[in-house]
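Structure file start-v6.cif (mmCIF, C-alpha atoms) is printed below.
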data_coords
loop_
_atom_site.label_atom_id
_atom_site.label_comp_id
_atom_site.auth_asym_id
_atom_site.auth_seq_id
_atom_site.Cartn_x
_atom_site.Cartn_y
_atom_site.Cartn_z
CA MET A 1 80.81 104.79 117.04
CA LYS A 2 83.35 106.25 114.67
CA LEU A 3 86.61 104.57 113.75
CA THR A 4 89.78 106.62 113.89
CA LEU A 5 91.69 107.17 110.68
CA TYR A 6 94.36 104.92 112.17
CA THR A 7 91.98 101.96 112.40
CA ASP A 8 90.55 102.75 108.97
CA TYR A 9 94.06 102.65 107.49
CA SER A 10 94.88 99.49 109.43
CA LEU A 11 91.86 97.74 107.95
CA ARG A 12 92.71 99.03 104.47
CA VAL A 13 96.27 97.68 104.73
CA LEU A 14 94.99 94.29 105.87
CA MET A 15 92.37 94.24 103.10
CA TYR A 16 94.99 95.03 100.46
CA LEU A 17 97.31 92.35 101.77
CA GLY A 18 94.36 89.95 101.87
CA MET A 19 93.78 90.62 98.19
CA ARG A 20 97.42 89.76 97.55
CA GLU A 21 97.78 86.72 99.82
CA GLU A 22 101.25 85.22 100.03
CA GLU A 23 102.80 88.10 98.05
CA LYS A 24 105.17 90.70 99.47
CA VAL A 25 103.75 94.16 98.90
CA GLN A 26 105.45 97.55 99.16
CA ILE A 27 103.97 100.30 101.34
CA ASP A 28 104.20 102.65 98.31
CA GLU A 29 101.90 100.35 96.37
CA ILE A 30 99.25 100.45 99.10
CA ALA A 31 99.59 104.22 99.53
CA ASN A 32 99.12 104.74 95.79
CA PHE A 33 96.18 102.34 95.60
CA TYR A 34 94.26 104.17 98.34
CA ASP A 35 95.76 107.61 97.60
CA ILE A 36 96.85 108.09 101.21
CA SER A 37 100.08 109.23 102.84
CA LYS A 38 102.99 106.79 102.84
CA ASN A 39 104.15 108.29 106.15
CA HIS A 40 100.82 107.48 107.82
CA LEU A 41 100.86 103.97 106.38
CA THR A 42 104.41 103.39 107.60
CA LYS A 43 103.24 103.98 111.18
CA VAL A 44 100.22 101.75 110.67
CA VAL A 45 102.35 98.97 109.14
CA HIS A 46 104.82 99.17 112.02
CA ASN A 47 102.01 98.72 114.55
CA LEU A 48 100.34 95.90 112.58
CA SER A 49 103.72 94.16 112.59
CA LYS A 50 104.11 94.65 116.35
CA LEU A 51 100.62 93.21 116.83
CA GLY A 52 101.64 90.16 114.78
CA TYR A 53 99.11 90.61 111.97
CA ILE A 54 101.75 91.13 109.29
CA SER A 55 105.39 90.35 108.56
CA THR A 56 107.83 92.90 107.26
CA VAL A 57 110.96 92.16 105.28
CA ARG A 58 113.45 94.97 104.72
CA GLY A 59 115.78 95.52 101.82
CA ARG A 60 115.83 94.34 98.25
CA GLY A 61 112.96 91.97 97.59
CA GLY A 62 111.36 93.05 100.85
CA GLY A 63 107.82 94.07 101.58
CA ILE A 64 104.93 93.24 103.86
CA MET A 65 102.52 90.33 103.91
CA LEU A 66 99.80 88.83 106.10
CA ASN A 67 100.82 86.39 108.81
CA TYR A 68 97.39 84.73 108.64
CA LYS A 69 94.87 83.63 106.07
CA ALA A 70 92.20 86.28 105.54
CA GLU A 71 89.51 84.01 107.00
CA ALA A 72 91.47 83.76 110.27
CA LEU A 73 91.64 87.52 110.99
CA ASN A 74 88.65 88.71 113.02
CA ILE A 75 87.58 92.30 112.35
CA GLY A 76 86.39 92.94 115.91
CA GLU A 77 89.79 91.89 117.25
CA VAL A 78 91.63 94.16 114.83
CA VAL A 79 89.44 97.13 115.77
CA ARG A 80 89.97 96.47 119.50
CA HIS A 81 93.75 96.43 118.94
CA THR A 82 93.99 99.51 116.72
CA GLU A 83 91.57 101.95 118.34
CA ASP A 84 93.07 104.02 121.14
CA ASN A 85 89.92 103.99 123.30
CA PHE A 86 86.20 103.40 123.33
CA HIS A 87 85.20 106.31 125.56
CA MET A 88 81.79 107.08 124.19
CA ALA A 89 81.10 109.57 126.98
CA GLU A 90 82.81 111.09 130.01
CA CYS A 91 81.58 108.26 132.25
CA PHE A 92 83.66 105.71 130.26
CA LYS A 93 86.91 107.47 131.11
CA GLU A 94 89.19 106.74 134.03
CA GLY A 95 88.94 109.67 136.42
CA ASN A 96 85.36 110.38 135.35
CA GLN A 97 84.30 113.83 136.60
CA CYS A 98 80.67 113.81 135.48
CA VAL A 99 78.39 114.81 138.36
CA LEU A 100 75.52 112.74 136.91
CA THR A 101 77.37 109.41 137.04
CA PRO A 102 75.82 108.18 140.33
CA VAL A 103 72.26 108.61 139.03
CA CYS A 104 72.58 108.48 135.23
CA GLY A 105 71.62 105.47 133.15
CA LEU A 106 73.30 106.64 129.94
CA ARG A 107 76.52 104.75 130.64
CA PHE A 108 74.65 101.44 130.70
CA VAL A 109 72.80 102.20 127.46
CA LEU A 110 76.01 103.21 125.70
CA ASN A 111 77.82 100.17 127.07
CA ASP A 112 75.08 97.93 125.63
CA ALA A 113 75.47 99.74 122.29
CA LEU A 114 79.25 99.22 122.37
CA ASP A 115 78.76 95.52 123.15
CA ALA A 116 76.35 95.21 120.21
CA TYR A 117 78.84 97.02 117.95
CA PHE A 118 81.56 94.49 118.76
CA GLU A 119 79.14 91.59 118.57
CA VAL A 120 78.56 92.51 114.91
CA LEU A 121 82.25 93.14 114.14
CA ASP A 122 83.17 89.81 115.75
CA LYS A 123 81.02 87.99 113.19
CA TYR A 124 83.27 89.03 110.31
CA THR A 125 86.73 88.12 109.12
CA LEU A 126 89.09 89.92 106.80
CA LYS A 127 87.96 87.64 103.99
CA ASP A 128 84.37 88.85 104.45
CA ILE A 129 85.29 92.50 103.86
CA ILE A 130 87.67 92.16 100.92
CA PRO A 131 85.87 93.30 97.76
CA LYS A 132 85.14 90.10 95.82
CA ALA A 133 86.06 91.74 92.51
CA MET A 134 89.54 92.43 93.89
CA LEU A 135 90.38 88.84 94.86
CA ARG A 136 92.88 87.08 92.63
#

So, in terms of structure tokens, how does the structure I just supplied come out?
Amino acid sequence: MKLTLYTDYSLRVLMYLGMREEEKVQIDEIANFYDISKNHLTKVVHNLSKLGYISTVRGRGGGIMLNYKAEALNIGEVVRHTEDNFHMAECFKEGNQCVLTPVCGLRFVLNDALDAYFEVLDKYTLKDIIPKAMLR
């Protein structure tokens, strides 16, 4: 299972905000810290705001901040909300055209693997993945 860059950036934004709890942070600051595109982060931040994970304040004195304590944000939930799909093979897709589907057991094996993947992610919160040296 490979995370998209979008989910990677989403987790990075949340981690950075978790390091700076209760502070408003500028997107530029996060982009510079991770050396990634401000334009990409702007899209990520917009979506994280729509999902309710963060608050955004425009204008002078504005910025972004977490809506939750880091220990309340579940990593599995964030990944489920930021990934566009979990189609590990053709048989996971709507409109599956694979001729082996009626007799193939791969879909069940991969589904078990996906369940195990989320079982692990669901054990962790944002606080668990923030580098301890970075916490204030």

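In this model, the gap between atom CA of Met1 of chain A and atom CA of Ala113 of chain A comes to 9.0 Å.
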
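Distances from A:Thr82, A:Leu17, A:Gly76, A:Asn96 to Tyr117 of chain A were compared using all atoms listed in the file, and the smallest one belongs to A:Gly76.
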
### Task
Have a look at atom CA of Glu29 of chain A and atom CA of Val57 of chain A and let me know their distance in Å, one decimal.
15.1 Å

Between segment 78-125 of chain A and segment 51-54 of chain A, at 12 Å or less, what are the per-residue closest atom pairs and their distances in Å? Count only C-alpha atoms, order by chain and rising residue number, and return it as a tab-separated table.
residue	atom	partner	partner_atom	distance
A:Val78	CA	A:Tyr53	CA	8.8
A:Val79	CA	A:Leu51	CA	11.9
A:Arg80	CA	A:Leu51	CA	11.5
A:His81	CA	A:Leu51	CA	7.9
A:Thr82	CA	A:Leu51	CA	9.1

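Running the PyMOL selection byres ((chain A and resi 6) around 10) on this file leaves Leu3, Thr4, Leu5, Thr7, Asp8, Tyr9, Ser10, Leu11, Arg12, His40, Leu41, Lys43, Val44, Val79, Thr82, Glu83 and Asp84 of chain A selected.
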
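Proximity to Leu14 of chain A was assessed for A:Asn85, A:Asn111, A:Thr101, A:Ser55 counting all atoms listed in the file; the smallest distance is recorded for A:Ser55.
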
### Message
Can you measure atom CA of Ile27 of chain A to atom CA of Thr42 of chain A for me? One decimal in Å is fine.
### Response
7.0 Å

### Query
Which of these, A:Glu71, A:Lys50, A:Lys38, A:Thr125, has the shortest distance to Glu21 of chain A once you count all atoms listed in the file?
A:Glu71

Check what the PyMOL selection byres ((chain A and resi 62-68) around 10) selects in the file above and give those residues as a PDB file with C-alpha atoms, keeping the file's coordinate frame.
ATOM      1  CA  VAL A  13      96.270  97.680 104.730  1.00  0.00           C
ATOM      2  CA  LEU A  14      94.990  94.290 105.870  1.00  0.00           C
ATOM      3  CA  MET A  15      92.370  94.240 103.100  1.00  0.00           C
ATOM      4  CA  TYR A  16      94.990  95.030 100.460  1.00  0.00           C
ATOM      5  CA  LEU A  17      97.310  92.350 101.770  1.00  0.00           C
ATOM      6  CA  GLY A  18      94.360  89.950 101.870  1.00  0.00           C
ATOM      7  CA  ARG A  20      97.420  89.760  97.550  1.00  0.00           C
ATOM      8  CA  GLU A  21      97.780  86.720  99.820  1.00  0.00           C
ATOM      9  CA  GLU A  22     101.250  85.220 100.030  1.00  0.00           C
ATOM     10  CA  GLU A  23     102.800  88.100  98.050  1.00  0.00           C
ATOM     11  CA  LYS A  24     105.170  90.700  99.470  1.00  0.00           C
ATOM     12  CA  VAL A  25     103.750  94.160  98.900  1.00  0.00           C
ATOM     13  CA  GLN A  26     105.450  97.550  99.160  1.00  0.00           C
ATOM     14  CA  ILE A  27     103.970 100.300 101.340  1.00  0.00           C
ATOM     15  CA  ASP A  28     104.200 102.650  98.310  1.00  0.00           C
ATOM     16  CA  VAL A  45     102.350  98.970 109.140  1.00  0.00           C
ATOM     17  CA  LEU A  48     100.340  95.900 112.580  1.00  0.00           C
ATOM     18  CA  SER A  49     103.720  94.160 112.590  1.00  0.00           C
ATOM     19  CA  GLY A  52     101.640  90.160 114.780  1.00  0.00           C
ATOM     20  CA  TYR A  53      99.110  90.610 111.970  1.00  0.00           C
ATOM     21  CA  ILE A  54     101.750  91.130 109.290  1.00  0.00           C
ATOM     22  CA  SER A  55     105.390  90.350 108.560  1.00  0.00           C
ATOM     23  CA  THR A  56     107.830  92.900 107.260  1.00  0.00           C
ATOM     24  CA  VAL A  57     110.960  92.160 105.280  1.00  0.00           C
ATOM     25  CA  ARG A  58     113.450  94.970 104.720  1.00  0.00           C
ATOM     26  CA  GLY A  59     115.780  95.520 101.820  1.00  0.00           C
ATOM     27  CA  ARG A  60     115.830  94.340  98.250  1.00  0.00           C
ATOM     28  CA  GLY A  61     112.960  91.970  97.590  1.00  0.00           C
ATOM     29  CA  LYS A  69      94.870  83.630 106.070  1.00  0.00           C
ATOM     30  CA  ALA A  70      92.200  86.280 105.540  1.00  0.00           C
ATOM     31  CA  GLU A  71      89.510  84.010 107.000  1.00  0.00           C
ATOM     32  CA  ALA A  72      91.470  83.760 110.270  1.00  0.00           C
ATOM     33  CA  LEU A  73      91.640  87.520 110.990  1.00  0.00           C
ATOM     34  CA  LEU A 126      89.090  89.920 106.800  1.00  0.00           C
TER      35      LEU A 126
END

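Listed by chain and then by number, the residues chosen by the PyMOL selection byres ((chain A and resi 114) around 12) in this file are Met1, Lys2, Gly76, Arg80, Asn85, Phe86, His87, Met88, Ala89, Phe92, Arg107, Phe108, Val109, Leu110, Asn111, Asp112, Ala113, Asp115, Ala116, Tyr117, Phe118, Glu119, Val120 and Leu121 of chain A.
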